[in-house]
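Engineer: Handing you a structure now.
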Amino acid sequence: MQATKIYSFHGGIHPEENKAQSLRLPLGRPSLPSELILPLGQHIGQSSRPLVKVGDKVLKGETIAINNGFLSSFLHASTSGTISAIEERLIAHPSGLSDLCIILAPDGQDTWTTLEPLNDWQTLSKTDVLAYLSEMGIVGMGGAGFPTQVKLQGAHKKPLSHFIINAAECEPYITADDMLMREKALELILGIEILQHLVEADKVVIGIEDNKPAAIDALTSMIKQRDSKVQVAVVPTKYPSGGEKQLIQLLTGKEVPSGQHPADIGILCHNVGTCVAVYDAITFGKPLISRFTTLTGDALKAPQNVEVLLGTPVSHLLEYADSEPKKLSRLIMGGPMMGFTLNSAAVPIVKTSNCILAASKKELPPPAPEQACIRCGMCEQACPASLLPQQLLWFSKSQEFEKAEHHNLFDCIECGACSYVCPSSIPLVQYYRHSKSSIREAREATVKSDLAKQRFEARKARQDAEAAEKEAKRLARQKATPSKAAEKKKAAPAKAAPTVAAAPAATDESKKLKVDLAIGKSKLKKLQKQLLEAQENEHLEEISNLQLQVTEQEKAVALLEEQLAKTAEAAPTAAEAKVPKPAPAPVNDDIKKAKIDLAIAKAAVKKVEKALKKAEEIQAPEIEAIRQQLKEAQQRADELENALVNPATTIPKTETTAQAAPSSVDADMTKKRKIDLAIAKAGVKKAEKNIQLLKEQGKNESEIEASEWPKKLIEAQEKLAVLEAEDTTDTVAKSQAKAEPEMDLANQIKKEKIAVALAKAQINKLNKRLESAPEDADKINQDIAATEQRLQRAEALLATLIHSQTNTQENR
Amino acid sequence: MFTVLLAIGILVALSLVFGALLGYANVRFRVEGDPIVDQIDALLPQTQCGQCGHPGCRPYAEAIANGEAINHCPPGGQATIQALADLLDVEAIPLDGDHGTETAKRVAVIREDECIGCTKCIQACPVDAILGAAKQMHTVIADECTGCDLCVDPCPVDCIDMVEIGVTAKTWSWDKPQGIAATSLNIIATDRQTEVAH
Amino acid sequence: MALLRITSPHTQRAGRRTAWVMQMVILATIPGIVVQTWLFGWGTLINVMIACITALLCEAAILSLRRRAVAFFLKDYSALLTAVLLGVALPPIVPWWVTVTAVAFAIIFAKQIYGGLGNNPFNPAMVGYAIVLVSFPVPMSQWLGVQSLVSAQDTLTFTQSLQAIFQFLPVVESHALIDAYTMATPLDGFKTKDLLTAEEAFNTVPALHAANLNSWLWVNLAYLVGGLGLLWLRIITWHTPVALLGALLVMSGFFYGVDSANAASPFFHLTTGAAMFGAFFIATDPVSSCTSNRGKLIYGAGIGILIYIIRAWGGYPDGVAFAVLLMNFAAPLIDYYSQPRTYGHQKAKTGLKIGEDN
């Protein structure tokens with residue numbers, strides 16, 4: 001066996017190793033915890049998809065989640081038991097956030113599922129073996145958790161010169177791989193041989209730091225014994241020689257090109273833990289459900305390595321290793337150089353957790369305050385990627401991300417060597433992480449905004465095209481009509497009875513009127529808006545002026561509407577006179593006419609209501625008159641409605657248009673009611689806002705009481721309640737009175753649901769008000785009671801409706 | 001006399017030469033379009049929300065190019081104002097509150113069982129991010145939604161919520177460190193470490 | 001359980017803090033200060049004291065004006081280091097107000113105005129030195145001679161030094177005192193040799209007498225020792241001093257070889273004036289110098305070349321201060337063009353072209 005030439009890499013540091021503590025005790029096997037927490041995202045890439053439901057019984061090694069896309073992995077039950085929940089739990093992540101986890105309550109039996117080892121891996125196609133490894137949930141156990149099958153697949157794109165097994169374990173404190181090599185040297189070599197069979201590299205090298213003599217001995221003797229071609233390359237102890245890129249440089253002298261993978265230069269790197277997991281999976285059919293983890297730190301009385309089931313909470317392990325909670329000041333998952341702090345011990349062990357470092361304050365004191373960078377260059381001497389950390393810091397601090405990128409920020413491996421040596425205690429790595437994520441976010445935002453722009457422009461183009469098409473059609477029609485009329489005139493001048501002329505004339509007139517009406521309405525809307533603004537800003541002189549204008553405009557609009565209605569009336573009669581229509585047509589027209597009348601009447605009602613509301617708001621003296629108006633308008637609307645409904649019902653059911661009428665009436669009523677409701681709600685909101693405003697202005701309660709607003713608020717709320725109640729009762733009545741077809745039932749259910757939601761919202765609102773205004777407690781409580789009653793009614797109705805719906809469905 | 005004529009002759013010749021040069025440069029190096037509007041447009045967040053008072057981001061970019069203030073874009077917030085200030089070499093001013101306040105990134109979500117299928121929100125959406133048809137339930141394509149708010153008002157049943165996009169473990173990132181021990185008061189230029197220096 | 005939540009790494013190299021770095025540099029000047037005191041009397045020490053007090057007062061005043069934590073920043077020893085470097089660089093009997101002006105200018109204008117430690121583009125000590133050198137040429141050119149050569153045949157006593165520095169004596173007496181103890185430095189002597197050849201100058205000019213040359217040799221050796229200490233502690237890297245001294249050696253060697261009659265030997269250039277002091281203590285100031293190893297080589301060589309140019313053809317006998325300041329100007333540019341090749345890249349990036357791929 002020839003010795004591998006060892007190269008060197010730039011920089012690196014020699015932190016205190018602290019590895020002896022955890023090697024004093026033999027490998028431990030903690031007992032089963034009371035629950036296992038298995039996060040769905042234990043690897044890089046898409047989270048797995050759960051296969052089990054809450055309450056399912058699973059056996060040890062059973063698949064409980066499958067991969068979700070290409071870059072994803074499987075997940076298995078670590079022991080037998082019951083799935084007690086699938087919910088958000090704290091996960092092993094620097095953010096300290098929660099993510100979806102499968103919670104497994106062990107039954108204590110630890111019963112294995114039927115294992116299906118892949119005995120014929122040597123004869124099977126490599127794709128099948130890779131698929132098998134994927135199903136066994138094997139991911140890189142060194143730290144990143146890259147799905148192994150994906151990495152192996154990537155290794156096929158180029159013939160491999162080196163297959164490197166990373167056993168360097170350069171981080172201080174961690175000895176999990178060391179212990180694994182001592183305990184499972186044979187399994188490791190066999191696993192390497194399986195992987196070598198899959199990748200067929202020219203050279204297989206285990207890279208190991210010279211501070212693990214026992215493991216080196218175990219490996220060399222095992223290799224000798226098996227006469228394996230695997231080589232052991234001992235590298236000098238220097239952090240971060242265990243970094244993939246650094247180890248490759250140490251063992252081959254080659255550098256992984258920036259932005260590429262080792263596979264691109266014909267090198268594959270795997271962690272020792274992964275090799276053993278591959279062996280276990282292929283030979284015994286055991287999926288990845290446990291791993292070696294180092295428990296260490298001054299806050300533990302019995303630091304040691306353990307073989308622990310995935311999903312075991314850290315707190316369970318701390319207890320196992322006899323922790324002293326008083327001494328514990330920093331809980332780190334991973335090593336002191338690249339690990340992340342946990343703010344809770346409820347976090348579970350996952351596939352990538354190689355160490356739990358429970359450090360005392362003396363051991364890892366809090367960092368000293370950051371001082372100014374004096375550009376001493378110590379970081380530069382330590383950087384294993386030959387970066388200029390001090391320049392990167394400068395650009396990161398001043399947010400000059402382009403310059404930072406130009407200085408190769410993204411080649412930083414975040415090893416922490418620069419922060420370690422920094423005499424000014426600058427958290428350099430955090431600056432770089434922040435800059436990197438800012439750059440990434442900016443890139444994503446650019447992509448998103450570009451997309452939005454694209455969609456916006458596409459939409460605009462579409463709308464323009466539509467408008468152009470319409471315009472073209474209109475023009476074509478305009479051309480066609482006069483010429484046709486002219487032709488007709490020419491063809492039959494004698495017959496050109498006034499009736500014929502009347503029809504187009506009437507339509508033309510109505511068209512013109514409609515345009516005028518639209519203009520008038522938009523003007524009215526504008527004025528109303530202005531008025532509202534003026535009211536909000538309390539410009540008194542403007543209010544009265546605008547009010548006047550609004551009334552005038554309203555009158556004008558009403559006039560136009562009337563005229564329009566008249567022409568609409570005239571037009572059908574004219575048409576009737578001209579051509580006798582088939583029998584049902586007149587009824588049809590009647591209905592149409594009635595509908596138009598009704599719509600106008602309703603619009604009038606609405607308008608008057610609005611006026612009333614406004615009048616109430618500004619306490620105009622003409623309130624009474626407006627109320628009277630409202631009553632009249634309402635009456636007229638009701639009459640019309642009745643008129644509309646009655647003839648409609650008399651029409652034979654075969655007539656489709658007539659059939660449609662009642663439902664449209666219903667729809668109109670709902671619409672009207674909705675509008676009323678909206679108005680009432682706006683009134684409530686307004687009153688509330690004004691009260692709020694008064695409060696903000698520092699007026700005391702009595703002053704607020706003295707002002708009109710509380711009273712108005714209550715009034716408005718009452719009105720709202722009444723309207724809502726009407727709405728509900730009406731729906732109830734309707735649903736009871738009519739045996740609607742199924743579609744209507746569905747609609748009703750929807751409506752009822754809305755009613756329920758509204759009632760609930762109302763109760764919420766009232767409760768809130770109760771909190772803010774305890775002095776009105778009695779009144780509000782009454783309201784609440786009423787609303788609750790309403791809610792109950794609505795809910796009951798909803799239940800019956802749903803029931804009847806299911807019945808109808810079943811009957812079919 | 002000759003010197004005077006010579007001087008005049010030389011000046012005339014020079015002016016002709018330079019005139020020709022300028023004319024040539026005008027033709028040869030003509031810039032198509034209005035690049036500054038494109039550059040401004042590229043910095044705007046493209047939410048097309050209209051909070052600036054313009055119908056979309058590009059019209060606002062054109063307005064900025066014509067001298068409108070750069071602080072009318074609440075979705076872009078201070079970051080966009082800073083970027084615009086850098087591009088146009090003007091002072092970065094705080095966001096104009098009249099046009100709205102900067103909020104966290106949001107996305108519209110339709111409470112689907114309450115949707116009555118009126119298509120009003122579909123018509124309002126500037127980026128076609130709402131899917132649905134008349135009398136059918138509508139839904140928002142979250143990835144395409146710019147969080148512009150424009151669909152909220154048209155909804156007659158108020159079933160659209162603007163939901164803040166929360167931080168998940170995947171999108172979380174480290175904060176910028178606090179920096180050197182310093183008080184809130186910054187007196188000299190280099191105290192403002194966040195300012196982009198040139 | 002309130003657990004600490006911070007970013008990795010969670011451990012730090014013990015002991016080597018910024019304040020420690022500054023302290024070590026101050027300590028490394030001790031051999032030089034001892035030799036200077038031994039040769040030229042108490043003036044150097046008194047200067048250092050005045051400089052330190054001024055520096056601390058100025059720094060504290062500006063920090064409190066800037067509403068910064070005064071104690072926190074004073075404890076980094078950077079102001080003291082600037083003061084010590086200025087104190088030893090100024091002539092030993094320079095009037096107290098020259099020292100105060102130099103230090104105040106260094107701290108207030110060269111350092112704090114730019115944002116304090118870490119943000120100053122120029123070496124504060126050299127800015128202060130250059131200001132007083134330009135403004136007060138007479139006191140700045142009065143260096144003391146070794147006792148065997150000056151007319152008084154003695155070094156100044158402590159009281160005499162005080163009298164000279166604080167100008168307690170009447171003008172005439174003061175002049176007499178100063179004249180009795182001062183003489184030109186070797187560099188000054190060589191600069192003003194006029195039409196004499198180098199050999200004639202070394203034989204006739206008192207400032208170029210072997211005893212005087214030896215005294216400066218001692219001073220330079222002392223700073224060399226201090227500098228080697230800093231190298232050994234890995235506070236500075238070898239790049240800047242070696243490049244500086246190497247460039248000075250090459251320049252002087254070349255011109256000595258071309259015209260040995262009028263040029264001084266490389267040995268003379270390396271062992272007189274502020275050659276070693278500049279190479280190990282001034283040019284290695286990390287804040288204002290280049291940052292990459294390659295950059296440091298270029299930066300150091302530039303200073304070496306400029307020192308020789310100023311010494312040989314410039315208006316001032318020594319050129320360390322101006323050479324350093326000139327190269328401070330160039331440092332950012334050199335930085336941009338001397339980035340190391342990053343791992344995984346074919347070649348080093350240069351300049352600040354944004355958006356290029358490499």
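All residue names refer to the structure tokens as shown: chains lettered A, B, ... in order, residues numbered from 1 in each chain, ligands numbered from 1 in order.
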Just list the residues in stretch 304-434 of chain A DSSP gives alpha helix (DSSP H) on the backbone, as a tab-separated table (two decimals) with C-alpha atoms, in the first residue's frame.
Structural biologist:
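This is the output file result.tsv:
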chain	number	residue	atom	x	y	z
A	314	VAL	CA	-31.96	16.67	23.18
A	315	SER	CA	-33.37	17.05	26.68
A	316	HIS	CA	-33.53	13.25	26.97
A	317	LEU	CA	-29.86	12.99	26.02
A	318	LEU	CA	-28.85	15.75	28.42
A	319	GLU	CA	-30.56	13.82	31.18
A	320	TYR	CA	-28.82	10.66	30.07
A	378	MET	CA	-5.09	37.82	10.89
A	379	CYS	CA	-8.34	36.69	9.30
A	380	GLU	CA	-6.75	36.69	5.90
A	381	GLN	CA	-3.94	34.50	7.18
A	382	ALA	CA	-6.51	32.09	8.64
A	389	PRO	CA	-12.26	38.70	5.11
A	390	GLN	CA	-11.48	42.26	6.17
A	391	GLN	CA	-12.52	43.62	2.78
A	392	LEU	CA	-15.65	41.45	2.80
A	393	LEU	CA	-16.50	42.86	6.23
A	394	TRP	CA	-16.07	46.40	4.97
A	395	PHE	CA	-18.42	45.76	2.03
A	396	SER	CA	-20.90	43.82	4.14
A	397	LYS	CA	-21.08	46.60	6.69
A	401	PHE	CA	-23.04	43.73	-1.96
A	402	GLU	CA	-21.82	43.93	-5.53
A	403	LYS	CA	-18.31	44.60	-4.34
A	404	ALA	CA	-18.61	41.84	-1.78
A	405	GLU	CA	-19.65	39.44	-4.50
A	406	HIS	CA	-16.74	40.61	-6.61
A	417	ALA	CA	-11.72	30.65	11.23
A	418	CYS	CA	-11.71	34.42	10.61
A	419	SER	CA	-14.00	35.16	13.55
A	420	TYR	CA	-11.93	32.84	15.71
A	421	VAL	CA	-8.72	34.79	15.19
A	428	LEU	CA	-17.48	38.13	10.68
A	429	VAL	CA	-19.39	34.97	9.76
A	430	GLN	CA	-22.66	36.55	10.76
A	431	TYR	CA	-21.90	39.56	8.58
A	432	TYR	CA	-21.22	37.26	5.66
A	433	ARG	CA	-24.31	35.18	6.28
A	434	HIS	CA	-26.39	38.33	6.42
Engineer: So that I can see what lies close to B:Asn71, please list as a ChimeraX atom specification the residues with an atom at most 8 Å from it, counting only C-alpha atoms and leaving out residues fewer than 6 positions away in the same chain.
Structural biologist: /B:81,93-96
Engineer: Kindly determine which residues of chain A lie within 7 Å of chain B, considering only C-alpha atoms, and give the answer as a list in words.
Structural biologist: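 The answer, sorted by residue number, is Ser95, Leu97, Glu370, Gln371, Ala372, Lys397, Ser398, Gln399, Glu400, Gln430, Tyr431, Arg433, His434, Ser437, Ser449, Ala452, Lys453, Arg455, Phe456, Arg459 and Ile754 of chain A.
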Engineer: Take the residues just selected and output them with N, CA and C atoms as a CSV table (one decimal), in the first residue's frame.
Structural biologist:
chain,number,residue,atom,x,y,z
A,95,SER,N,-32.4,29.2,13.3
A,95,SER,CA,-33.5,30.2,13.5
A,95,SER,C,-34.3,30.0,14.8
A,97,LEU,N,-36.9,28.2,14.8
A,97,LEU,CA,-38.3,28.2,14.4
A,97,LEU,C,-38.8,26.7,14.4
A,370,GLU,N,-18.0,43.8,20.0
A,370,GLU,CA,-17.3,44.1,18.7
A,370,GLU,C,-16.5,45.4,18.8
A,371,GLN,N,-15.3,45.3,18.3
A,371,GLN,CA,-14.5,46.5,18.2
A,371,GLN,C,-14.2,46.9,16.7
A,372,ALA,N,-13.6,48.0,16.5
A,372,ALA,CA,-13.3,48.4,15.1
A,372,ALA,C,-12.4,47.4,14.4
A,397,LYS,N,-20.6,45.6,5.8
A,397,LYS,CA,-21.1,46.6,6.7
A,397,LYS,C,-21.7,47.7,5.9
A,398,SER,N,-21.1,48.1,4.8
A,398,SER,CA,-21.7,49.3,4.1
A,398,SER,C,-22.7,48.8,3.0
A,399,GLN,N,-23.1,47.5,3.1
A,399,GLN,CA,-24.1,47.0,2.2
A,399,GLN,C,-23.7,47.1,0.7
A,400,GLU,N,-22.4,47.1,0.4
A,400,GLU,CA,-22.0,47.2,-1.0
A,400,GLU,C,-21.8,45.7,-1.4
A,430,GLN,N,-21.3,36.1,10.8
A,430,GLN,CA,-22.7,36.6,10.8
A,430,GLN,C,-22.8,37.7,9.7
A,431,TYR,N,-21.8,38.5,9.6
A,431,TYR,CA,-21.9,39.6,8.6
A,431,TYR,C,-22.0,38.9,7.2
A,433,ARG,N,-23.0,35.9,6.5
A,433,ARG,CA,-24.3,35.2,6.3
A,433,ARG,C,-25.4,36.2,5.9
A,434,HIS,N,-25.4,37.3,6.7
A,434,HIS,CA,-26.4,38.3,6.4
A,434,HIS,C,-26.3,38.8,5.0
A,437,SER,N,-27.5,36.3,2.4
A,437,SER,CA,-28.9,36.1,2.3
A,437,SER,C,-29.6,37.4,1.8
A,449,SER,N,-40.1,40.5,-9.3
A,449,SER,CA,-40.6,41.7,-9.9
A,449,SER,C,-40.6,41.7,-11.4
A,452,ALA,N,-43.7,39.8,-12.3
A,452,ALA,CA,-44.8,40.7,-12.2
A,452,ALA,C,-45.0,41.7,-13.3
A,453,LYS,N,-43.8,42.2,-13.7
A,453,LYS,CA,-43.8,43.2,-14.8
A,453,LYS,C,-44.3,42.5,-16.1
A,455,ARG,N,-46.1,39.9,-16.4
A,455,ARG,CA,-47.6,39.6,-16.3
A,455,ARG,C,-48.4,40.9,-16.5
A,456,PHE,N,-47.9,41.9,-15.9
A,456,PHE,CA,-48.7,43.2,-15.9
A,456,PHE,C,-48.7,43.7,-17.4
A,459,ARG,N,-51.0,41.6,-19.5
A,459,ARG,CA,-52.4,41.9,-19.2
A,459,ARG,C,-52.8,43.2,-19.9
A,754,ILE,N,-72.5,32.7,5.4
A,754,ILE,CA,-72.1,34.1,5.5
A,754,ILE,C,-72.7,34.7,6.7
Engineer: Enumerate, in order of chain and increasing residue number, the residues of chain C with an atom no farther than 12 Å from chain B, each with its shortest atom pair and distance in Å to one decimal, counting only C-alpha atoms, as a Markdown table.
Structural biologist:
| residue | atom | partner | partner_atom | distance |
| --- | --- | --- | --- | --- |
| C:Arg5 | CA | B:Trp174 | CA | 11.5 |
| C:Ile6 | CA | B:Trp174 | CA | 9.8 |
| C:Thr7 | CA | B:Trp174 | CA | 8.2 |
| C:Ser8 | CA | B:Trp174 | CA | 11.1 |
| C:Ile62 | CA | B:Ile187 | CA | 11.2 |
| C:Leu63 | CA | B:Ala182 | CA | 10.5 |
| C:Ser64 | CA | B:Thr183 | CA | 11.1 |
| C:Leu65 | CA | B:Ile187 | CA | 8.8 |
| C:Arg66 | CA | B:Ile187 | CA | 6.2 |
| C:Arg67 | CA | B:Thr183 | CA | 6.7 |
| C:Arg68 | CA | B:Ala182 | CA | 5.8 |
| C:Ala69 | CA | B:Ala182 | CA | 7.1 |
| C:Val70 | CA | B:Ala182 | CA | 10.4 |
| C:Ala71 | CA | B:Ala181 | CA | 11.3 |
| C:Phe72 | CA | B:Ala181 | CA | 8.2 |
| C:Phe73 | CA | B:Ala181 | CA | 9.1 |
| C:Lys111 | CA | B:Thr190 | CA | 11.8 |
| C:Gln112 | CA | B:Ile188 | CA | 9.7 |
| C:Ile113 | CA | B:Ile188 | CA | 7.6 |
| C:Tyr114 | CA | B:Thr190 | CA | 6.8 |
| C:Gly115 | CA | B:Thr190 | CA | 5.5 |
| C:Gly116 | CA | B:Thr190 | CA | 9.1 |
| C:Leu117 | CA | B:Ile180 | CA | 11.0 |
| C:Gly118 | CA | B:Thr190 | CA | 11.0 |
| C:Asn119 | CA | B:Thr190 | CA | 8.1 |
| C:Asn120 | CA | B:Thr190 | CA | 10.4 |
| C:Leu352 | CA | B:His198 | CA | 11.8 |
Engineer: Keeping only C-alpha atoms, write those residues as a PDB file, in the first residue's frame.
Structural biologist:
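Output saved as selection_33.pdb:
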ATOM      1  CA  ARG C   5     -28.161  32.417  21.038  1.00  0.00           C
ATOM      2  CA  ILE C   6     -25.433  33.660  18.785  1.00  0.00           C
ATOM      3  CA  THR C   7     -23.890  32.818  15.470  1.00  0.00           C
ATOM      4  CA  SER C   8     -20.985  30.438  15.081  1.00  0.00           C
ATOM      5  CA  ILE C  62     -13.624  63.815  20.476  1.00  0.00           C
ATOM      6  CA  LEU C  63     -15.224  60.567  21.592  1.00  0.00           C
ATOM      7  CA  SER C  64     -17.455  62.369  24.035  1.00  0.00           C
ATOM      8  CA  LEU C  65     -18.314  64.894  21.335  1.00  0.00           C
ATOM      9  CA  ARG C  66     -19.259  61.990  19.119  1.00  0.00           C
ATOM     10  CA  ARG C  67     -21.294  60.484  21.998  1.00  0.00           C
ATOM     11  CA  ARG C  68     -19.239  57.329  22.075  1.00  0.00           C
ATOM     12  CA  ALA C  69     -18.326  55.152  25.019  1.00  0.00           C
ATOM     13  CA  VAL C  70     -15.103  56.908  25.987  1.00  0.00           C
ATOM     14  CA  ALA C  71     -13.650  54.222  28.222  1.00  0.00           C
ATOM     15  CA  PHE C  72     -14.424  51.467  25.717  1.00  0.00           C
ATOM     16  CA  PHE C  73     -12.449  53.123  22.954  1.00  0.00           C
ATOM     17  CA  LYS C 111      -8.067  59.610  12.989  1.00  0.00           C
ATOM     18  CA  GLN C 112     -11.320  60.722  14.621  1.00  0.00           C
ATOM     19  CA  ILE C 113     -12.601  62.902  11.800  1.00  0.00           C
ATOM     20  CA  TYR C 114     -12.521  59.848   9.589  1.00  0.00           C
ATOM     21  CA  GLY C 115     -14.511  57.812  12.088  1.00  0.00           C
ATOM     22  CA  GLY C 116     -11.915  56.693  14.587  1.00  0.00           C
ATOM     23  CA  LEU C 117      -9.893  53.542  14.765  1.00  0.00           C
ATOM     24  CA  GLY C 118     -10.042  51.453  11.642  1.00  0.00           C
ATOM     25  CA  ASN C 119     -11.407  54.141   9.366  1.00  0.00           C
ATOM     26  CA  ASN C 120      -8.401  56.424   8.876  1.00  0.00           C
ATOM     27  CA  LEU C 352     -13.620  46.411  -9.030  1.00  0.00           C
TER      28      LEU C 352
END
Engineer: Using only C-alpha atoms, which residues of chain C come within 7 Å of chain A, and what is the closest atom pair for each, with the distance in Å to one decimal? Give it as CSV, sorted by chain and residue number.
Structural biologist:
residue,atom,partner,partner_atom,distance
C:Leu3,CA,A:Arg330,CA,5.3
C:Leu4,CA,A:Arg330,CA,5.3
C:Arg5,CA,A:Thr341,CA,5.4
C:Ile6,CA,A:Thr341,CA,6.5
C:Thr7,CA,A:Gln430,CA,6.1
C:Ser8,CA,A:Met338,CA,5.3
C:Pro9,CA,A:Met337,CA,4.1
C:His10,CA,A:Pro336,CA,5.0
C:Thr11,CA,A:Leu364,CA,6.0
C:Gln12,CA,A:Tyr420,CA,4.4
C:Arg13,CA,A:Val421,CA,5.5
C:Arg16,CA,A:Pro423,CA,5.5
C:Arg17,CA,A:Pro423,CA,4.0
C:Thr18,CA,A:Pro423,CA,4.8
C:Leu117,CA,A:Ala372,CA,6.2
C:Gly118,CA,A:Ile374,CA,4.6
C:Pro286,CA,A:Cys376,CA,5.1
C:Val287,CA,A:Ile374,CA,5.1
C:Thr291,CA,A:Gly377,CA,6.3
C:Pro340,CA,A:Ser386,CA,6.5
C:Arg341,CA,A:Ser386,CA,6.6
C:Thr342,CA,A:Ser386,CA,4.8
C:Tyr343,CA,A:Ala385,CA,4.8
C:Gly344,CA,A:Pro257,CA,4.0
C:His345,CA,A:Ser258,CA,5.9
C:Leu352,CA,A:Lys403,CA,6.9
C:Ile354,CA,A:His406,CA,6.4
Engineer: So what do you get for atom CA of C:Leu248 versus atom CA of C:Ile305, distance-wise?
Structural biologist: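 Result for atom CA of C:Leu248 versus atom CA of C:Ile305: 5.8 Å, one decimal.
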Engineer: Leaving out C:Thr182 and any residue of its chain fewer than 2 positions from it, which residues lie within 6 Å of it when counting only C-alpha atoms, given as a list in words?
Structural biologist: Trp143, Leu144, Gly145, Ile178 and Asp179 of chain C
Engineer: Would you work out the distance separating atom CA of C:Cys58 from atom CA of C:Val100, expressed in Å to one decimal?
Structural biologist: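 So the answer is 10.0 Å.
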Engineer: Which residues are near C:Phe202? Cut-off 10 Å, only C-alpha atoms, ignore same chain within fewer than 3 positions. Put them as a list in words.
Structural biologist: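 My list of contacting residues is Pro186, Gly189, Phe190, Lys193, Leu196, Thr197, Ala198, Glu199, Val205, Pro206, Ala207, Leu208, His209, Ala210, Leu213 and Ala264 of chain C.
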Engineer: Pick out the residues sitting within 10 Å of stretch 292-303 of chain C, and hand them over as an MDAnalysis selection string; count only C-alpha atoms, and ignore anything fewer than 6 positions along from it in its own chain.
Structural biologist: (chainID A and resid 375 377 380:381 386:388 390:391) or (chainID C and resid 237:248 250 278:279 283:284 286 309 319:328 330:340)
